[in-house]
Amino acid sequence: MTKIFAHRGSAGTHPENTMIAFWEAERAGADGIELDVQLSKDGQIVVIHDETIDRTTDGTGWVKDFTYRELQQFNAAYKFADQYDVCRIPLLEEVLAWIRSTPLLLNIELKNGFIAYETLEQKVIDMIQRYQLEERTVLSSFNHNSMVFCRHLAPNIETAILYMEPLYDPWKYVRAIGADGLHPYHRTVSEPFVRQARNHRVAVRPFTINKEPLMQKMFRYGVDAIFTDYPLKAKKVRQNK
Ligand code: G3P
Ligand code: CA
């Protein structure tokens, strides 16, 4: 059965990449959560999508220029001010400490394409190992070199490559870099592609699947998982397929 990953928590209905959004994913019955990580100025792994805090908080500036303590002064739920109190940018550690007590799967996307956080891979892997979450975590990135490095550092943690445009001979490519899965933009995914992926034993998890007809299509194709901002809706669509 196709698994449902709540994208950035449940970003369609809750402040993205916050604990509230992750708790909602569990409540909605998602199979897993997806989140994005970067490093603060003092080297803490923080959960945030953009390289700046401008879009998702009431502050402004680069994530890398603030210490974790400084980042705590900003409200990551300010767009939902009528619904939630102040909500902080979480540490990856907080999410891992919580997720251990749930059955949820975890996809950690390393946001290291635009900014080269030199120690990000090692720090993320150390944290996964500290919480013994190796078996239910998939690491992913648009930076494919980073996935090669993760495979080298932790051969027992699953990796996947993110991409927007179709790849030339994806099966050869994914094996060449030692990854286990493909996380493609959904427009590059067809039924024959999913069939081929299965034959090559490569997992396919397209993003970001928010509209009902697209959900139905991906469930029909039998992709391994979808990333969606609306896990509750996806669950209903999957039940009725
Ligand atoms: O991992 C799937 C998806 O999250 C990749 O795109 O920009 O939402 O991080 P983005
Ligand atoms: Ca992401």
# chains A, B, ... in the order shown; residues from 1 in each chain; ligands from 1
>>> residues_near_ligand(ligand="ligand 2", cutoff="6 Å", atoms="only C-alpha atoms and all ligand atoms", output="PDB file with C-alpha atoms, in the first residue's frame")
ATOM      1  CA  LEU A  35      10.811  17.731   7.370  1.00  0.00           C
ATOM      2  CA  ASP A  36      13.665  20.015   6.274  1.00  0.00           C
ATOM      3  CA  GLU A 109      15.472  16.424   3.782  1.00  0.00           C
TER       4      GLU A 109
END
>>> residues_near_ligand(ligand="ligand 1", cutoff="9 Å", atoms="only C-alpha atoms and all ligand atoms", output="NGL selection string")
:A and (7-8 or 34-36 or 49-50 or 107-111 or 140-142 or 162-164 or 183-185 or 205-208 or 226-228)
>>> atom_distance(atom1="atom CA of Ala160 of chain A", atom2="atom CA of Asp180 of chain A")
5.6 Å
>>> select_by_dssp(residues="segment 150-225 of chain A", states="strand (DSSP E or B)", output="PyMOL selection string")
chain A and resi 158-163+181-185+203-204+207+225
>>> closest_residue(among="A:Leu92, A:Val237, A:Ala203, A:Ile128", to="Thr159 of chain A", atoms="only C-alpha atoms")
A:Ala203
>>> atom_distance(atom1="atom CA of His14 of chain A", atom2="atom CA of Glu70 of chain A")
23.2 Å
>>> residues_around(residues="segment 146-154 of chain A", least_positions_apart="6", cutoff="7 Å", atoms="only C-alpha atoms", output="list in words")
Glu121, Ser140, Ile177, Gly178 and Ala179 of chain A
>>> closest_residue(among="A:Tyr131, A:Phe74, A:Trp171, A:Tyr68", to="Leu96 of chain A", atoms="only C-alpha atoms")
A:Tyr131
>>> atom_distance(atom1="atom CA of Phe22 of chain A", atom2="atom CA of Leu133 of chain A")
16.4 Å
>>> residues_around(residues="Thr13 of chain A", least_positions_apart="4", cutoff="9 Å", atoms="only C-alpha atoms", output="JSON, numbers by chain")
{"A": [21, 24, 229, 230]}
>>> residues_around(residues="Glu212 of chain A", least_positions_apart="6", cutoff="12 Å", atoms="only C-alpha atoms", output="MDAnalysis selection string")
chainID A and resid 218:219 228:238 240:241
>>> residues_around(residues="Val223 of chain A", least_positions_apart="5", cutoff="10 Å", atoms="only C-alpha atoms", output="JSON, numbers by chain")
{"A": [1, 2, 3, 189, 190, 191, 193, 194, 195, 197, 198, 203, 204, 205, 206, 217, 218]}
>>> select_by_dssp(residues="segment 32-239 of chain A", states="helix (DSSP H, G or I)", output="count of residues only")
80
>>> closest_residue(among="A:Tyr117, A:Trp62, A:Trp23, A:Phe80", to="Val95 of chain A", atoms="only C-alpha atoms")
A:Trp23
>>> decode(residues="segment 124-162 of chain A", atoms="N, CA and C atoms", output="PDB file, in the first residue's frame")
ATOM      1  N   VAL A 124      23.401  15.120  11.380  1.00  0.00           N
ATOM      2  CA  VAL A 124      22.074  14.500  11.250  1.00  0.00           C
ATOM      3  C   VAL A 124      22.172  13.001  11.525  1.00  0.00           C
ATOM      4  N   ILE A 125      23.191  12.384  10.970  1.00  0.00           N
ATOM      5  CA  ILE A 125      23.353  10.933  11.161  1.00  0.00           C
ATOM      6  C   ILE A 125      23.633  10.603  12.632  1.00  0.00           C
ATOM      7  N   ASP A 126      24.469  11.392  13.274  1.00  0.00           N
ATOM      8  CA  ASP A 126      24.737  11.173  14.713  1.00  0.00           C
ATOM      9  C   ASP A 126      23.437  11.228  15.515  1.00  0.00           C
ATOM     10  N   MET A 127      22.598  12.179  15.151  1.00  0.00           N
ATOM     11  CA  MET A 127      21.338  12.373  15.888  1.00  0.00           C
ATOM     12  C   MET A 127      20.394  11.181  15.659  1.00  0.00           C
ATOM     13  N   ILE A 128      20.326  10.721  14.419  1.00  0.00           N
ATOM     14  CA  ILE A 128      19.465   9.552  14.125  1.00  0.00           C
ATOM     15  C   ILE A 128      19.959   8.343  14.922  1.00  0.00           C
ATOM     16  N   GLN A 129      21.266   8.193  14.960  1.00  0.00           N
ATOM     17  CA  GLN A 129      21.837   7.044  15.676  1.00  0.00           C
ATOM     18  C   GLN A 129      21.613   7.180  17.176  1.00  0.00           C
ATOM     19  N   ARG A 130      21.718   8.396  17.693  1.00  0.00           N
ATOM     20  CA  ARG A 130      21.498   8.601  19.130  1.00  0.00           C
ATOM     21  C   ARG A 130      20.090   8.169  19.533  1.00  0.00           C
ATOM     22  N   TYR A 131      19.135   8.398  18.650  1.00  0.00           N
ATOM     23  CA  TYR A 131      17.747   8.037  18.954  1.00  0.00           C
ATOM     24  C   TYR A 131      17.345   6.686  18.351  1.00  0.00           C
ATOM     25  N   GLN A 132      18.311   5.997  17.806  1.00  0.00           N
ATOM     26  CA  GLN A 132      18.111   4.648  17.241  1.00  0.00           C
ATOM     27  C   GLN A 132      16.947   4.596  16.261  1.00  0.00           C
ATOM     28  N   LEU A 133      16.955   5.552  15.342  1.00  0.00           N
ATOM     29  CA  LEU A 133      15.867   5.646  14.363  1.00  0.00           C
ATOM     30  C   LEU A 133      16.331   5.263  12.957  1.00  0.00           C
ATOM     31  N   GLU A 134      17.446   4.580  12.867  1.00  0.00           N
ATOM     32  CA  GLU A 134      18.017   4.244  11.553  1.00  0.00           C
ATOM     33  C   GLU A 134      17.024   3.490  10.670  1.00  0.00           C
ATOM     34  N   GLU A 135      16.251   2.590  11.287  1.00  0.00           N
ATOM     35  CA  GLU A 135      15.416   1.701  10.474  1.00  0.00           C
ATOM     36  C   GLU A 135      14.163   2.353   9.925  1.00  0.00           C
ATOM     37  N   ARG A 136      13.778   3.482  10.470  1.00  0.00           N
ATOM     38  CA  ARG A 136      12.568   4.116   9.913  1.00  0.00           C
ATOM     39  C   ARG A 136      12.829   5.511   9.356  1.00  0.00           C
ATOM     40  N   THR A 137      14.083   5.780   9.048  1.00  0.00           N
ATOM     41  CA  THR A 137      14.419   7.093   8.491  1.00  0.00           C
ATOM     42  C   THR A 137      14.918   6.974   7.057  1.00  0.00           C
ATOM     43  N   VAL A 138      14.473   7.906   6.224  1.00  0.00           N
ATOM     44  CA  VAL A 138      15.028   8.071   4.872  1.00  0.00           C
ATOM     45  C   VAL A 138      15.622   9.472   4.816  1.00  0.00           C
ATOM     46  N   LEU A 139      16.879   9.555   4.382  1.00  0.00           N
ATOM     47  CA  LEU A 139      17.512  10.856   4.164  1.00  0.00           C
ATOM     48  C   LEU A 139      17.337  11.215   2.705  1.00  0.00           C
ATOM     49  N   SER A 140      17.104  12.502   2.414  1.00  0.00           N
ATOM     50  CA  SER A 140      16.984  12.905   1.009  1.00  0.00           C
ATOM     51  C   SER A 140      17.554  14.301   0.832  1.00  0.00           C
ATOM     52  N   SER A 141      17.871  14.612  -0.442  1.00  0.00           N
ATOM     53  CA  SER A 141      18.368  15.950  -0.759  1.00  0.00           C
ATOM     54  C   SER A 141      18.341  16.161  -2.273  1.00  0.00           C
ATOM     55  N   PHE A 142      18.207  17.439  -2.643  1.00  0.00           N
ATOM     56  CA  PHE A 142      18.412  17.801  -4.049  1.00  0.00           C
ATOM     57  C   PHE A 142      19.916  17.810  -4.353  1.00  0.00           C
ATOM     58  N   ASN A 143      20.731  17.825  -3.327  1.00  0.00           N
ATOM     59  CA  ASN A 143      22.181  17.759  -3.470  1.00  0.00           C
ATOM     60  C   ASN A 143      22.591  16.281  -3.451  1.00  0.00           C
ATOM     61  N   HIS A 144      22.801  15.722  -4.614  1.00  0.00           N
ATOM     62  CA  HIS A 144      23.025  14.277  -4.704  1.00  0.00           C
ATOM     63  C   HIS A 144      24.385  13.870  -4.150  1.00  0.00           C
ATOM     64  N   ASN A 145      25.362  14.765  -4.227  1.00  0.00           N
ATOM     65  CA  ASN A 145      26.667  14.475  -3.601  1.00  0.00           C
ATOM     66  C   ASN A 145      26.492  14.229  -2.106  1.00  0.00           C
ATOM     67  N   SER A 146      25.581  14.971  -1.517  1.00  0.00           N
ATOM     68  CA  SER A 146      25.323  14.831  -0.095  1.00  0.00           C
ATOM     69  C   SER A 146      24.788  13.429   0.229  1.00  0.00           C
ATOM     70  N   MET A 147      23.994  12.879  -0.677  1.00  0.00           N
ATOM     71  CA  MET A 147      23.463  11.530  -0.457  1.00  0.00           C
ATOM     72  C   MET A 147      24.559  10.467  -0.613  1.00  0.00           C
ATOM     73  N   VAL A 148      25.501  10.728  -1.524  1.00  0.00           N
ATOM     74  CA  VAL A 148      26.660   9.824  -1.646  1.00  0.00           C
ATOM     75  C   VAL A 148      27.420   9.822  -0.312  1.00  0.00           C
ATOM     76  N   PHE A 149      27.594  10.999   0.246  1.00  0.00           N
ATOM     77  CA  PHE A 149      28.331  11.147   1.504  1.00  0.00           C
ATOM     78  C   PHE A 149      27.591  10.449   2.653  1.00  0.00           C
ATOM     79  N   CYS A 150      26.276  10.634   2.713  1.00  0.00           N
ATOM     80  CA  CYS A 150      25.484   9.978   3.769  1.00  0.00           C
ATOM     81  C   CYS A 150      25.595   8.458   3.678  1.00  0.00           C
ATOM     82  N   ARG A 151      25.537   7.953   2.469  1.00  0.00           N
ATOM     83  CA  ARG A 151      25.663   6.491   2.290  1.00  0.00           C
ATOM     84  C   ARG A 151      27.006   6.000   2.809  1.00  0.00           C
ATOM     85  N   HIS A 152      28.045   6.817   2.556  1.00  0.00           N
ATOM     86  CA  HIS A 152      29.383   6.485   3.031  1.00  0.00           C
ATOM     87  C   HIS A 152      29.434   6.513   4.572  1.00  0.00           C
ATOM     88  N   LEU A 153      28.808   7.517   5.159  1.00  0.00           N
ATOM     89  CA  LEU A 153      28.855   7.678   6.618  1.00  0.00           C
ATOM     90  C   LEU A 153      27.996   6.645   7.345  1.00  0.00           C
ATOM     91  N   ALA A 154      26.866   6.308   6.738  1.00  0.00           N
ATOM     92  CA  ALA A 154      25.920   5.402   7.423  1.00  0.00           C
ATOM     93  C   ALA A 154      25.257   4.491   6.397  1.00  0.00           C
ATOM     94  N   PRO A 155      25.928   3.422   5.996  1.00  0.00           N
ATOM     95  CA  PRO A 155      25.374   2.548   4.948  1.00  0.00           C
ATOM     96  C   PRO A 155      24.030   1.937   5.313  1.00  0.00           C
ATOM     97  N   ASN A 156      23.682   1.916   6.598  1.00  0.00           N
ATOM     98  CA  ASN A 156      22.418   1.286   7.014  1.00  0.00           C
ATOM     99  C   ASN A 156      21.237   2.265   7.053  1.00  0.00           C
ATOM    100  N   ILE A 157      21.455   3.524   6.694  1.00  0.00           N
ATOM    101  CA  ILE A 157      20.317   4.460   6.657  1.00  0.00           C
ATOM    102  C   ILE A 157      19.932   4.695   5.197  1.00  0.00           C
ATOM    103  N   GLU A 158      18.633   4.542   4.928  1.00  0.00           N
ATOM    104  CA  GLU A 158      18.139   4.678   3.557  1.00  0.00           C
ATOM    105  C   GLU A 158      18.360   6.107   3.034  1.00  0.00           C
ATOM    106  N   THR A 159      18.684   6.215   1.753  1.00  0.00           N
ATOM    107  CA  THR A 159      18.849   7.532   1.127  1.00  0.00           C
ATOM    108  C   THR A 159      17.999   7.610  -0.141  1.00  0.00           C
ATOM    109  N   ALA A 160      17.678   8.841  -0.531  1.00  0.00           N
ATOM    110  CA  ALA A 160      16.901   9.047  -1.761  1.00  0.00           C
ATOM    111  C   ALA A 160      17.302  10.388  -2.363  1.00  0.00           C
ATOM    112  N   ILE A 161      17.193  10.458  -3.686  1.00  0.00           N
ATOM    113  CA  ILE A 161      17.542  11.716  -4.352  1.00  0.00           C
ATOM    114  C   ILE A 161      16.271  12.446  -4.793  1.00  0.00           C
ATOM    115  N   LEU A 162      16.272  13.726  -4.544  1.00  0.00           N
ATOM    116  CA  LEU A 162      15.179  14.601  -4.966  1.00  0.00           C
ATOM    117  C   LEU A 162      15.536  15.219  -6.312  1.00  0.00           C
TER     118      LEU A 162
END
